[in-house]
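Q: A single structure is presented below for examination.
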Amino acid sequence: MSLQAEIKKRFSGFTLEVSLHTEEGVLGILGASGSGKSMTLKCIAGIETPDEGRIVLNGRVLFDSEKRINLPPQKRRVGYLFQNYALFPNMTVEANIAAGLTGTKQEKKEAVSRMIKRFKLDGLEKRYPSQLSGGQQQRVALARILIYEPDVIMLDEPFSALDFYLKEQMQFQVLEVMRAYRGDALLVTHSRDEVYRFCEKSIILNRGRVAMEGGTREIFQNPVNVTAARLTGCKNISRVERVDANHIRALDWGLVLETAREVTEEIRFAGIRAHQFFPAKEGPNTFSGCWADTLRQPFEWDILLKPDGAPETAEGENLLWWKIDYTQLDRTGGRKPGDTLTLGVRPEDILLLRKG
Amino acid sequence: MKTATVSILVTFFLGVWTARMVVSARSEKFKTVVDGILTLPMVLPPTVAGFFLLMLFGVKRPLGQLFLDVFGIKIVFSWAATVIAAVVISFPLMYRAARGAFEQVDVTLIYAARTLGFSERRIFWQVIMPSAMPGVLGGAILAFARGLGEFGATAMLAGNIAGVTQTLPLAIYSHVAAGKMSKAYEYVAIIVVLSFLVVVLMNVLSRREKSGGQRRKKGRDAS
């Protein structure tokens with residue numbers, strides 16, 4: 001079970017150049033919108049044709065620009081879950097699920113009823129897609145793909161059309177399905193939570209190129225460049241200058257920070273995750289700043305802090321985000337917006353980032 | 001009547017087929033040029049379109065000669081000519097409506113059908129046509145109405161021979177010219193009634209489309 005893809009496709013002002021491979025399991029493709037995630041899936045499915053490259057699925061060559069092989073999507077045996085599910089509006093649930101099947105009527109009927117049970121769609125067989133809820137539509141779309149046992153399933157932003165409550169529920173269901181499925185799967189998303197939950201390995205795309213790849217957990221713990229840091233949710237990123245092997249000067253914050261890791265020549269940026277600050281009085285990396293603003297989330301507060309030495313900029317790039325849990329609000333020591341806060345951050349929590 | 005009925009059948013299939021070809025064509029330039037040529041009969045004065053047809057199908061012209069030599073049929077001033085004129089004039093309406101309807105179909109449905117292994121023919125009949133049907137039918141009704149009322153090109157290509165090439169609008173013209181007003185009233189009444197029916201049919205179709213949507217919404221609320 002493996003998928004190898006090397007894809008190069010030029011657009012005006014944008015070139016997609018991605019190489020990826022999977023060996024059983026779910027590979028996450030994380031990227032901002034317009035980074036080429038969906039285009040990558042479309043090339044693998046055969047909906048779009050790359051300019052150059054090679055796509056091999058379980059030893060079958062699907063596309064090879066040199067040998068001029070380009071199988072039509074019909075022959076690629078891929079399962080593609082579209083963002084809007086793409087259920088046929090003129091077909092019932094039953095007919096939609098059976099759409100990709102070949103075989104006798106009896107075989108189809110049995111396979112469909114198995115899927116209906118498995119995806120808890122009993123009683124909805126004769127409904128049309130527009131009569132279903134979002135979650136039900138997604139289950140039908142999944143059933144329609146899994147019924148013909150494709151060699152790879154590709155999920156294109158599968159949860160983005162669902163509201164928050166449904167999203168969490170569907171994620172459990174999809175996780176269950178993916179565990180039972182013995183093939184490769186690709187999950188395209190812009191949500192760090194989704195890659196973290198579903199994918200053991202991930203790649204991060206930025207403007208059509210792979211910015212970072214590897215184990216998902218590793219990427220989250222130790223992003224090597226700015227794109228990876230941003231997409232894994234790092235709120236605070238500053239340009240830096242190297243001071244010595246263990247110190248950097250963060251230009252946007254006006255701070256000199258001690259780092260646990262060695263600062264190499266190629267380090268251009270530093271990141272600090274918003275929840276890694278803590279109130280401190282003294283010690284390494286202690287600094288004070290003005291409590292500028294607050295964003296209240298349901299269970300946590302984002303406190304925006306302007307470090308005392310920060311240069312003046314218009315866009316608020318010099319503000320630090322500090323995320324604290326609702327239950328720990330007393331850690332601000334009774335201070336209010338406008339007051340001065342003194343915070344610290346551990347040297348090992350400073351992410352050293354390359355450009356890109 | 002007979003002319004309009006036969007010509008709408010021809011126009012319908014020809015228009016749908018051409019629209020399908022043009023929509024699935026890859027080259028944008030090709031699309032633009034073909035689209036322009038196919039729409040031309042709609043914007044030209046019907047007499048000009050008829051003039052071109054006469055140039056094409058005249059006995060001494062290549063196409064006309066071909067028909068005469070191979071099939072022994074003289075097209076100009078025959079009943080077939082009324083059909084040809086009506087088809088050419090009503091075709092752009094049909095073609096444009098069908099093309100618009102096909103382009104409105106959600107492309108992800110087509111992509112999904114492909115990854116599910118549908119042949120292109122099956123995609124057309126089971127995915128594209130059902131979604132595009134209201135638009136295609138609307139175009140067909142308009143094209144029928146246009147074919148029914150066709151005057152200029154018909155007069156040019158088929159003439160106005162009573163019982164052979166005389167369509168309803170031509171008959172009205174002849175009767176009025178001859179001062180037989182009562183006969184003209186009769187034909188005018190027929191045309192008005194037919195045209196009114198066409199408009200009603202159009203409205204019914206578009207309303208059914210809308211209420212279909214509402215019914216579905218209700219179904220969702222109940223579930």
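Labels used: A, B, ... for chains in the order of the structure tokens, numbers from 1 for residues in each chain, and numbers from 1 for ligands as shown.
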Residues of chain A within 9 Å of chain B, counting only C-alpha atoms - could you list those as a PyMOL selection string?

A: chain A and resi 45-47+72-82+84-91+99-101+128+130-133+144-145+148

Q: List as number ranges by chain the protein and nucleic acid residues near B:Val188, meaning an atom at most 7 Å away when only C-alpha atoms are counted, but skip any in the same chain fewer than 4 places from it.

A: B: 172, 184, 192

Q: With only C-alpha atoms as the counted atoms, please give the residues lying no more than 8 Å from A:Asn246, apart from itself and same-chain residues fewer than 6 positions off, as a list of chain:residue names.

A: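 My reading of the contact set: A:Glu258, A:Thr259, A:Ala260, A:Arg261, A:Glu262, A:Val263.
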
Q: May I have the selected residues written with all heavy atoms, as a PDB file, in the first residue's frame?

A:
ATOM      1  N   GLU A 258      17.020  34.266  25.744  1.00  0.00           N
ATOM      2  CA  GLU A 258      17.935  33.143  25.859  1.00  0.00           C
ATOM      3  C   GLU A 258      17.256  31.913  25.269  1.00  0.00           C
ATOM      4  O   GLU A 258      16.067  31.691  25.475  1.00  0.00           O
ATOM      5  CB  GLU A 258      18.260  32.900  27.340  1.00  0.00           C
ATOM      6  CG  GLU A 258      19.293  31.827  27.567  1.00  0.00           C
ATOM      7  CD  GLU A 258      19.435  31.482  29.045  1.00  0.00           C
ATOM      8  OE1 GLU A 258      19.255  32.380  29.894  1.00  0.00           O
ATOM      9  OE2 GLU A 258      19.700  30.303  29.328  1.00  0.00           O
ATOM     10  N   THR A 259      17.997  31.126  24.486  1.00  0.00           N
ATOM     11  CA  THR A 259      17.400  29.940  23.872  1.00  0.00           C
ATOM     12  C   THR A 259      18.114  28.703  24.364  1.00  0.00           C
ATOM     13  O   THR A 259      19.314  28.742  24.656  1.00  0.00           O
ATOM     14  CB  THR A 259      17.519  29.985  22.342  1.00  0.00           C
ATOM     15  OG1 THR A 259      18.904  29.897  22.000  1.00  0.00           O
ATOM     16  CG2 THR A 259      16.939  31.258  21.765  1.00  0.00           C
ATOM     17  N   ALA A 260      17.380  27.595  24.454  1.00  0.00           N
ATOM     18  CA  ALA A 260      17.985  26.340  24.876  1.00  0.00           C
ATOM     19  C   ALA A 260      18.741  25.721  23.709  1.00  0.00           C
ATOM     20  O   ALA A 260      19.794  25.128  23.864  1.00  0.00           O
ATOM     21  CB  ALA A 260      16.915  25.383  25.388  1.00  0.00           C
ATOM     22  N   ARG A 261      18.153  25.859  22.511  1.00  0.00           N
ATOM     23  CA  ARG A 261      18.787  25.303  21.324  1.00  0.00           C
ATOM     24  C   ARG A 261      19.832  26.266  20.774  1.00  0.00           C
ATOM     25  O   ARG A 261      19.742  27.474  21.009  1.00  0.00           O
ATOM     26  CB  ARG A 261      17.736  25.024  20.257  1.00  0.00           C
ATOM     27  CG  ARG A 261      17.620  23.534  19.986  1.00  0.00           C
ATOM     28  CD  ARG A 261      16.354  23.251  19.246  1.00  0.00           C
ATOM     29  NE  ARG A 261      15.198  23.431  20.136  1.00  0.00           N
ATOM     30  CZ  ARG A 261      13.965  23.170  19.761  1.00  0.00           C
ATOM     31  NH1 ARG A 261      13.723  22.770  18.544  1.00  0.00           N
ATOM     32  NH2 ARG A 261      12.974  23.317  20.602  1.00  0.00           N
ATOM     33  N   GLU A 262      20.757  25.721  20.047  1.00  0.00           N
ATOM     34  CA  GLU A 262      21.819  26.577  19.523  1.00  0.00           C
ATOM     35  C   GLU A 262      21.293  27.418  18.364  1.00  0.00           C
ATOM     36  O   GLU A 262      20.579  26.918  17.494  1.00  0.00           O
ATOM     37  CB  GLU A 262      22.986  25.705  19.051  1.00  0.00           C
ATOM     38  CG  GLU A 262      24.235  26.520  18.808  1.00  0.00           C
ATOM     39  CD  GLU A 262      25.280  25.720  18.052  1.00  0.00           C
ATOM     40  OE1 GLU A 262      25.368  24.496  18.253  1.00  0.00           O
ATOM     41  OE2 GLU A 262      25.995  26.341  17.241  1.00  0.00           O
ATOM     42  N   VAL A 263      21.651  28.687  18.364  1.00  0.00           N
ATOM     43  CA  VAL A 263      21.218  29.577  17.292  1.00  0.00           C
ATOM     44  C   VAL A 263      22.210  29.450  16.141  1.00  0.00           C
ATOM     45  O   VAL A 263      23.383  29.797  16.283  1.00  0.00           O
ATOM     46  CB  VAL A 263      21.169  31.032  17.782  1.00  0.00           C
ATOM     47  CG1 VAL A 263      20.624  31.933  16.685  1.00  0.00           C
ATOM     48  CG2 VAL A 263      20.328  31.145  19.028  1.00  0.00           C
TER      49      VAL A 263
END

Q: Would you pick out the contacts of A:Thr216 at 6 Å or less, using only C-alpha atoms, so that residues sharing its chain but fewer than 4 positions from it are not included, and give the list as JSON, numbers by chain?

A: {"A": [200, 201, 202]}

Q: Using only C-alpha atoms, determine which residues lie at most 6 Å from B:Gly147, disregarding the query and same-chain residues fewer than 5 positions distant; provide the list as an NGL selection string.

A: :B and (4 or 86 or 90)

Q: For stretch 37-54 of chain B, find every residue with an atom within 12 Å (counting only C-alpha atoms), except residues of its own chain fewer than 6 positions away, and show them as a PDB file with N, CA, C and O atoms, in the first residue's frame.

A:
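Saved file selection_30.pdb follows:
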ATOM      1  N   LEU B  14     -30.219  19.241 -32.036  1.00  0.00           N
ATOM      2  CA  LEU B  14     -29.053  19.913 -32.597  1.00  0.00           C
ATOM      3  C   LEU B  14     -28.469  20.902 -31.584  1.00  0.00           C
ATOM      4  O   LEU B  14     -27.266  20.946 -31.359  1.00  0.00           O
ATOM      5  N   GLY B  15     -29.356  21.675 -30.950  1.00  0.00           N
ATOM      6  CA  GLY B  15     -28.915  22.695 -29.995  1.00  0.00           C
ATOM      7  C   GLY B  15     -28.249  22.062 -28.792  1.00  0.00           C
ATOM      8  O   GLY B  15     -27.164  22.490 -28.368  1.00  0.00           O
ATOM      9  N   THR B  18     -24.862  20.525 -29.847  1.00  0.00           N
ATOM     10  CA  THR B  18     -23.835  21.532 -30.100  1.00  0.00           C
ATOM     11  C   THR B  18     -23.372  22.168 -28.790  1.00  0.00           C
ATOM     12  O   THR B  18     -22.180  22.359 -28.570  1.00  0.00           O
ATOM     13  N   ALA B  19     -24.353  22.474 -27.937  1.00  0.00           N
ATOM     14  CA  ALA B  19     -24.002  23.082 -26.654  1.00  0.00           C
ATOM     15  C   ALA B  19     -23.066  22.162 -25.889  1.00  0.00           C
ATOM     16  O   ALA B  19     -22.071  22.595 -25.316  1.00  0.00           O
ATOM     17  N   VAL B  22     -19.625  22.359 -27.455  1.00  0.00           N
ATOM     18  CA  VAL B  22     -18.935  23.630 -27.205  1.00  0.00           C
ATOM     19  C   VAL B  22     -18.490  23.706 -25.744  1.00  0.00           C
ATOM     20  O   VAL B  22     -17.368  24.111 -25.443  1.00  0.00           O
ATOM     21  N   PHE B  30     -11.451  28.829 -29.657  1.00  0.00           N
ATOM     22  CA  PHE B  30     -12.387  28.052 -30.461  1.00  0.00           C
ATOM     23  C   PHE B  30     -13.815  28.288 -29.981  1.00  0.00           C
ATOM     24  O   PHE B  30     -14.728  28.549 -30.766  1.00  0.00           O
ATOM     25  N   LYS B  31     -13.979  28.266 -28.656  1.00  0.00           N
ATOM     26  CA  LYS B  31     -15.303  28.476 -28.070  1.00  0.00           C
ATOM     27  C   LYS B  31     -15.889  29.814 -28.497  1.00  0.00           C
ATOM     28  O   LYS B  31     -17.041  29.907 -28.898  1.00  0.00           O
ATOM     29  N   LYS B  60     -28.537  26.611 -57.992  1.00  0.00           N
ATOM     30  CA  LYS B  60     -27.240  26.704 -58.666  1.00  0.00           C
ATOM     31  C   LYS B  60     -26.088  26.827 -57.670  1.00  0.00           C
ATOM     32  O   LYS B  60     -24.946  27.038 -58.061  1.00  0.00           O
ATOM     33  N   ARG B  61     -26.414  26.735 -56.350  1.00  0.00           N
ATOM     34  CA  ARG B  61     -25.385  26.861 -55.316  1.00  0.00           C
ATOM     35  C   ARG B  61     -24.925  25.482 -54.872  1.00  0.00           C
ATOM     36  O   ARG B  61     -25.650  24.500 -55.030  1.00  0.00           O
ATOM     37  N   PRO B  62     -23.703  25.415 -54.263  1.00  0.00           N
ATOM     38  CA  PRO B  62     -23.120  24.089 -53.977  1.00  0.00           C
ATOM     39  C   PRO B  62     -24.040  23.137 -53.215  1.00  0.00           C
ATOM     40  O   PRO B  62     -24.285  22.007 -53.660  1.00  0.00           O
ATOM     41  N   LEU B  63     -24.569  23.590 -52.045  1.00  0.00           N
ATOM     42  CA  LEU B  63     -25.401  22.678 -51.256  1.00  0.00           C
ATOM     43  C   LEU B  63     -26.690  22.308 -51.980  1.00  0.00           C
ATOM     44  O   LEU B  63     -27.101  21.141 -52.002  1.00  0.00           O
ATOM     45  N   GLY B  64     -27.307  23.325 -52.579  1.00  0.00           N
ATOM     46  CA  GLY B  64     -28.545  23.089 -53.309  1.00  0.00           C
ATOM     47  C   GLY B  64     -28.330  22.113 -54.461  1.00  0.00           C
ATOM     48  O   GLY B  64     -29.114  21.179 -54.670  1.00  0.00           O
ATOM     49  N   ILE B  75     -34.581  22.086 -52.713  1.00  0.00           N
ATOM     50  CA  ILE B  75     -34.914  22.540 -51.364  1.00  0.00           C
ATOM     51  C   ILE B  75     -35.646  23.865 -51.362  1.00  0.00           C
ATOM     52  O   ILE B  75     -36.652  24.030 -50.667  1.00  0.00           O
ATOM     53  N   VAL B  76     -35.142  24.824 -52.144  1.00  0.00           N
ATOM     54  CA  VAL B  76     -35.787  26.141 -52.092  1.00  0.00           C
ATOM     55  C   VAL B  76     -37.243  26.043 -52.529  1.00  0.00           C
ATOM     56  O   VAL B  76     -37.590  25.258 -53.418  1.00  0.00           O
ATOM     57  N   PHE B  77     -38.071  26.846 -51.879  1.00  0.00           N
ATOM     58  CA  PHE B  77     -39.509  26.881 -52.169  1.00  0.00           C
ATOM     59  C   PHE B  77     -40.183  25.535 -51.994  1.00  0.00           C
ATOM     60  O   PHE B  77     -41.122  25.191 -52.696  1.00  0.00           O
ATOM     61  N   ALA B  81     -37.808  23.661 -46.871  1.00  0.00           N
ATOM     62  CA  ALA B  81     -37.166  24.968 -46.714  1.00  0.00           C
ATOM     63  C   ALA B  81     -37.738  25.721 -45.519  1.00  0.00           C
ATOM     64  O   ALA B  81     -37.001  26.413 -44.801  1.00  0.00           O
ATOM     65  N   THR B  82     -39.050  25.584 -45.278  1.00  0.00           N
ATOM     66  CA  THR B  82     -39.638  26.268 -44.111  1.00  0.00           C
ATOM     67  C   THR B  82     -39.036  25.729 -42.824  1.00  0.00           C
ATOM     68  O   THR B  82     -38.761  26.481 -41.885  1.00  0.00           O
ATOM     69  N   VAL B  83     -38.805  24.407 -42.819  1.00  0.00           N
ATOM     70  CA  VAL B  83     -38.206  23.809 -41.621  1.00  0.00           C
ATOM     71  C   VAL B  83     -36.775  24.312 -41.449  1.00  0.00           C
ATOM     72  O   VAL B  83     -36.374  24.706 -40.341  1.00  0.00           O
ATOM     73  N   ILE B  84     -36.015  24.305 -42.557  1.00  0.00           N
ATOM     74  CA  ILE B  84     -34.624  24.759 -42.459  1.00  0.00           C
ATOM     75  C   ILE B  84     -34.570  26.192 -41.942  1.00  0.00           C
ATOM     76  O   ILE B  84     -33.802  26.511 -41.020  1.00  0.00           O
ATOM     77  N   ALA B  85     -35.406  27.047 -42.495  1.00  0.00           N
ATOM     78  CA  ALA B  85     -35.412  28.450 -42.070  1.00  0.00           C
ATOM     79  C   ALA B  85     -35.735  28.559 -40.589  1.00  0.00           C
ATOM     80  O   ALA B  85     -35.039  29.249 -39.830  1.00  0.00           O
ATOM     81  N   ALA B  86     -36.779  27.840 -40.145  1.00  0.00           N
ATOM     82  CA  ALA B  86     -37.176  27.909 -38.739  1.00  0.00           C
ATOM     83  C   ALA B  86     -36.078  27.376 -37.832  1.00  0.00           C
ATOM     84  O   ALA B  86     -35.800  27.946 -36.764  1.00  0.00           O
ATOM     85  N   VAL B  87     -35.422  26.295 -38.260  1.00  0.00           N
ATOM     86  CA  VAL B  87     -34.357  25.716 -37.434  1.00  0.00           C
ATOM     87  C   VAL B  87     -33.211  26.704 -37.289  1.00  0.00           C
ATOM     88  O   VAL B  87     -32.736  26.969 -36.180  1.00  0.00           O
ATOM     89  N   VAL B  88     -32.791  27.272 -38.408  1.00  0.00           N
ATOM     90  CA  VAL B  88     -31.648  28.181 -38.358  1.00  0.00           C
ATOM     91  C   VAL B  88     -31.942  29.376 -37.465  1.00  0.00           C
ATOM     92  O   VAL B  88     -31.100  29.811 -36.672  1.00  0.00           O
ATOM     93  N   ILE B  89     -33.161  29.884 -37.553  1.00  0.00           N
ATOM     94  CA  ILE B  89     -33.486  31.079 -36.770  1.00  0.00           C
ATOM     95  C   ILE B  89     -33.676  30.753 -35.287  1.00  0.00           C
ATOM     96  O   ILE B  89     -33.264  31.505 -34.413  1.00  0.00           O
ATOM     97  N   SER B  90     -34.289  29.611 -34.988  1.00  0.00           N
ATOM     98  CA  SER B  90     -34.568  29.309 -33.578  1.00  0.00           C
ATOM     99  C   SER B  90     -33.387  28.626 -32.890  1.00  0.00           C
ATOM    100  O   SER B  90     -33.312  28.612 -31.664  1.00  0.00           O
ATOM    101  N   PHE B  91     -32.464  28.110 -33.692  1.00  0.00           N
ATOM    102  CA  PHE B  91     -31.323  27.377 -33.122  1.00  0.00           C
ATOM    103  C   PHE B  91     -30.536  28.169 -32.063  1.00  0.00           C
ATOM    104  O   PHE B  91     -30.247  27.631 -30.988  1.00  0.00           O
ATOM    105  N   PRO B  92     -30.173  29.437 -32.337  1.00  0.00           N
ATOM    106  CA  PRO B  92     -29.368  30.156 -31.335  1.00  0.00           C
ATOM    107  C   PRO B  92     -30.028  30.219 -29.964  1.00  0.00           C
ATOM    108  O   PRO B  92     -29.363  30.096 -28.937  1.00  0.00           O
ATOM    109  N   LEU B  93     -31.347  30.383 -29.922  1.00  0.00           N
ATOM    110  CA  LEU B  93     -32.047  30.437 -28.636  1.00  0.00           C
ATOM    111  C   LEU B  93     -31.847  29.138 -27.871  1.00  0.00           C
ATOM    112  O   LEU B  93     -31.531  29.127 -26.681  1.00  0.00           O
ATOM    113  N   MET B  94     -32.046  28.042 -28.584  1.00  0.00           N
ATOM    114  CA  MET B  94     -31.913  26.721 -27.972  1.00  0.00           C
ATOM    115  C   MET B  94     -30.479  26.492 -27.507  1.00  0.00           C
ATOM    116  O   MET B  94     -30.216  26.092 -26.375  1.00  0.00           O
ATOM    117  N   TYR B  95     -29.575  26.802 -28.410  1.00  0.00           N
ATOM    118  CA  TYR B  95     -28.162  26.560 -28.134  1.00  0.00           C
ATOM    119  C   TYR B  95     -27.686  27.365 -26.932  1.00  0.00           C
ATOM    120  O   TYR B  95     -27.049  26.835 -26.025  1.00  0.00           O
ATOM    121  N   ARG B  96     -28.053  28.641 -26.908  1.00  0.00           N
ATOM    122  CA  ARG B  96     -27.585  29.490 -25.818  1.00  0.00           C
ATOM    123  C   ARG B  96     -28.178  29.063 -24.477  1.00  0.00           C
ATOM    124  O   ARG B  96     -27.494  29.044 -23.461  1.00  0.00           O
ATOM    125  N   ALA B  97     -29.455  28.712 -24.493  1.00  0.00           N
ATOM    126  CA  ALA B  97     -30.090  28.279 -23.248  1.00  0.00           C
ATOM    127  C   ALA B  97     -29.432  26.998 -22.743  1.00  0.00           C
ATOM    128  O   ALA B  97     -29.116  26.866 -21.555  1.00  0.00           O
ATOM    129  N   ARG B  99     -26.473  25.834 -23.460  1.00  0.00           N
ATOM    130  CA  ARG B  99     -25.091  26.072 -23.050  1.00  0.00           C
ATOM    131  C   ARG B  99     -25.052  26.694 -21.654  1.00  0.00           C
ATOM    132  O   ARG B  99     -24.283  26.270 -20.790  1.00  0.00           O
ATOM    133  N   ALA B 143     -37.489  28.603 -28.203  1.00  0.00           N
ATOM    134  CA  ALA B 143     -37.108  28.294 -29.584  1.00  0.00           C
ATOM    135  C   ALA B 143     -38.340  27.898 -30.388  1.00  0.00           C
ATOM    136  O   ALA B 143     -38.495  28.271 -31.558  1.00  0.00           O
ATOM    137  N   ARG B 146     -40.233  30.971 -31.227  1.00  0.00           N
ATOM    138  CA  ARG B 146     -39.544  31.719 -32.270  1.00  0.00           C
ATOM    139  C   ARG B 146     -39.758  31.057 -33.635  1.00  0.00           C
ATOM    140  O   ARG B 146     -39.988  31.728 -34.647  1.00  0.00           O
ATOM    141  N   GLY B 147     -39.701  29.731 -33.644  1.00  0.00           N
ATOM    142  CA  GLY B 147     -39.902  28.995 -34.896  1.00  0.00           C
ATOM    143  C   GLY B 147     -41.317  29.178 -35.425  1.00  0.00           C
ATOM    144  O   GLY B 147     -41.548  29.315 -36.628  1.00  0.00           O
ATOM    145  N   GLY B 149     -43.190  31.751 -35.033  1.00  0.00           N
ATOM    146  CA  GLY B 149     -43.402  33.095 -35.549  1.00  0.00           C
ATOM    147  C   GLY B 149     -42.480  33.457 -36.695  1.00  0.00           C
ATOM    148  O   GLY B 149     -42.503  34.591 -37.160  1.00  0.00           O
ATOM    149  N   GLU B 150     -41.651  32.525 -37.135  1.00  0.00           N
ATOM    150  CA  GLU B 150     -40.648  32.838 -38.153  1.00  0.00           C
ATOM    151  C   GLU B 150     -41.290  33.330 -39.451  1.00  0.00           C
ATOM    152  O   GLU B 150     -42.192  32.720 -39.993  1.00  0.00           O
ATOM    153  N   PHE B 151     -40.806  34.473 -39.960  1.00  0.00           N
ATOM    154  CA  PHE B 151     -41.399  35.069 -41.149  1.00  0.00           C
ATOM    155  C   PHE B 151     -40.343  35.364 -42.217  1.00  0.00           C
ATOM    156  O   PHE B 151     -40.340  34.795 -43.304  1.00  0.00           O
ATOM    157  N   GLY B 152     -39.365  36.194 -41.849  1.00  0.00           N
ATOM    158  CA  GLY B 152     -38.426  36.747 -42.827  1.00  0.00           C
ATOM    159  C   GLY B 152     -37.629  35.697 -43.599  1.00  0.00           C
ATOM    160  O   GLY B 152     -37.663  35.664 -44.832  1.00  0.00           O
ATOM    161  N   ALA B 153     -36.905  34.860 -42.844  1.00  0.00           N
ATOM    162  CA  ALA B 153     -36.055  33.882 -43.505  1.00  0.00           C
ATOM    163  C   ALA B 153     -36.896  32.888 -44.292  1.00  0.00           C
ATOM    164  O   ALA B 153     -36.510  32.440 -45.383  1.00  0.00           O
ATOM    165  N   THR B 154     -38.088  32.549 -43.764  1.00  0.00           N
ATOM    166  CA  THR B 154     -38.969  31.615 -44.449  1.00  0.00           C
ATOM    167  C   THR B 154     -39.408  32.184 -45.797  1.00  0.00           C
ATOM    168  O   THR B 154     -39.374  31.500 -46.833  1.00  0.00           O
ATOM    169  N   ALA B 155     -39.788  33.454 -45.752  1.00  0.00           N
ATOM    170  CA  ALA B 155     -40.245  34.084 -46.997  1.00  0.00           C
ATOM    171  C   ALA B 155     -39.140  34.098 -48.043  1.00  0.00           C
ATOM    172  O   ALA B 155     -39.374  33.886 -49.229  1.00  0.00           O
ATOM    173  N   MET B 156     -37.909  34.305 -47.578  1.00  0.00           N
ATOM    174  CA  MET B 156     -36.784  34.354 -48.499  1.00  0.00           C
ATOM    175  C   MET B 156     -36.478  32.981 -49.099  1.00  0.00           C
ATOM    176  O   MET B 156     -36.251  32.838 -50.293  1.00  0.00           O
ATOM    177  N   LEU B 157     -36.439  31.980 -48.243  1.00  0.00           N
ATOM    178  CA  LEU B 157     -35.969  30.669 -48.689  1.00  0.00           C
ATOM    179  C   LEU B 157     -37.099  29.808 -49.257  1.00  0.00           C
ATOM    180  O   LEU B 157     -36.907  29.052 -50.202  1.00  0.00           O
ATOM    181  N   ALA B 158     -38.288  29.929 -48.659  1.00  0.00           N
ATOM    182  CA  ALA B 158     -39.360  29.011 -49.027  1.00  0.00           C
ATOM    183  C   ALA B 158     -40.481  29.693 -49.800  1.00  0.00           C
ATOM    184  O   ALA B 158     -41.355  29.031 -50.357  1.00  0.00           O
ATOM    185  N   GLY B 159     -40.428  31.003 -49.805  1.00  0.00           N
ATOM    186  CA  GLY B 159     -41.505  31.692 -50.503  1.00  0.00           C
ATOM    187  C   GLY B 159     -42.804  31.610 -49.734  1.00  0.00           C
ATOM    188  O   GLY B 159     -42.808  31.353 -48.528  1.00  0.00           O
TER     189      GLY B 159
END

Q: I'd like the contact shell of A:Ile219 - 9 Å cut-off, only C-alpha atoms, skipping same-chain residues fewer than 6 positions apart - returned as a list in words.

A: Lys201, Ser202, Ile203, Met212, Glu213, Ala228, Ala229 and Thr232 of chain A

Q: Find the distance between atom CA of A:Leu20 and atom CA of A:Val140 and write it in Å to one decimal.

A: 28.9 Å

Q: As a PyMOL selection string, list the residues of stretch 227-286 of chain A assigned to helix (DSSP H, G or I) by DSSP on the backbone atoms of this structure.

A: chain A and resi 227-231+274-276

Q: With all heavy atoms retained, could you export that selection as a compact mmCIF listing (two decimals), in the first residue's frame?

A:
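Wrote it out as part.txt, contents follow:
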# COMPACT_ATOMS: atom_id res chain seq x y z
N THR A 227 6.38 29.25 8.07
CA THR A 227 5.11 28.67 7.61
C THR A 227 4.64 27.57 8.55
O THR A 227 3.47 27.55 8.95
CB THR A 227 5.27 28.06 6.21
OG1 THR A 227 5.87 29.02 5.37
CG2 THR A 227 3.94 27.64 5.65
N ALA A 228 5.56 26.67 8.88
CA ALA A 228 5.19 25.55 9.74
C ALA A 228 4.73 26.07 11.10
O ALA A 228 3.74 25.59 11.66
CB ALA A 228 6.36 24.59 9.88
N ALA A 229 5.43 27.07 11.62
CA ALA A 229 5.07 27.62 12.93
C ALA A 229 3.68 28.24 12.88
O ALA A 229 2.83 27.98 13.74
CB ALA A 229 6.10 28.65 13.36
N ARG A 230 3.41 29.05 11.84
CA ARG A 230 2.11 29.72 11.72
C ARG A 230 0.98 28.70 11.62
O ARG A 230 -0.02 28.80 12.31
CB ARG A 230 2.07 30.56 10.46
CG ARG A 230 2.67 31.90 10.64
CD ARG A 230 1.79 33.04 10.22
NE ARG A 230 2.46 34.27 10.67
CZ ARG A 230 3.44 34.86 9.99
NH1 ARG A 230 3.79 34.39 8.81
NH2 ARG A 230 4.03 35.92 10.46
N LEU A 231 1.17 27.70 10.71
CA LEU A 231 0.08 26.76 10.46
C LEU A 231 -0.15 25.82 11.64
O LEU A 231 -1.23 25.26 11.78
CB LEU A 231 0.36 25.96 9.18
CG LEU A 231 0.11 26.77 7.91
CD1 LEU A 231 0.72 26.09 6.72
CD2 LEU A 231 -1.37 26.98 7.69
N ALA A 274 1.45 31.02 22.28
CA ALA A 274 0.77 31.97 23.15
C ALA A 274 0.52 31.44 24.56
O ALA A 274 0.38 32.21 25.50
CB ALA A 274 -0.56 32.40 22.52
N HIS A 275 0.47 30.12 24.73
CA HIS A 275 0.16 29.60 26.07
C HIS A 275 1.43 29.33 26.87
O HIS A 275 1.36 28.80 27.97
CB HIS A 275 -0.70 28.34 25.96
CG HIS A 275 -0.05 27.26 25.19
ND1 HIS A 275 -0.31 27.07 23.86
CD2 HIS A 275 0.86 26.34 25.54
CE1 HIS A 275 0.42 26.07 23.42
NE2 HIS A 275 1.15 25.61 24.41
N GLN A 276 2.60 29.66 26.31
CA GLN A 276 3.83 29.30 27.00
C GLN A 276 4.44 30.42 27.85
O GLN A 276 5.50 30.25 28.41
CB GLN A 276 4.84 28.73 26.00
CG GLN A 276 4.54 27.25 25.79
CD GLN A 276 5.25 26.66 24.60
OE1 GLN A 276 5.64 27.36 23.70
NE2 GLN A 276 5.40 25.35 24.63
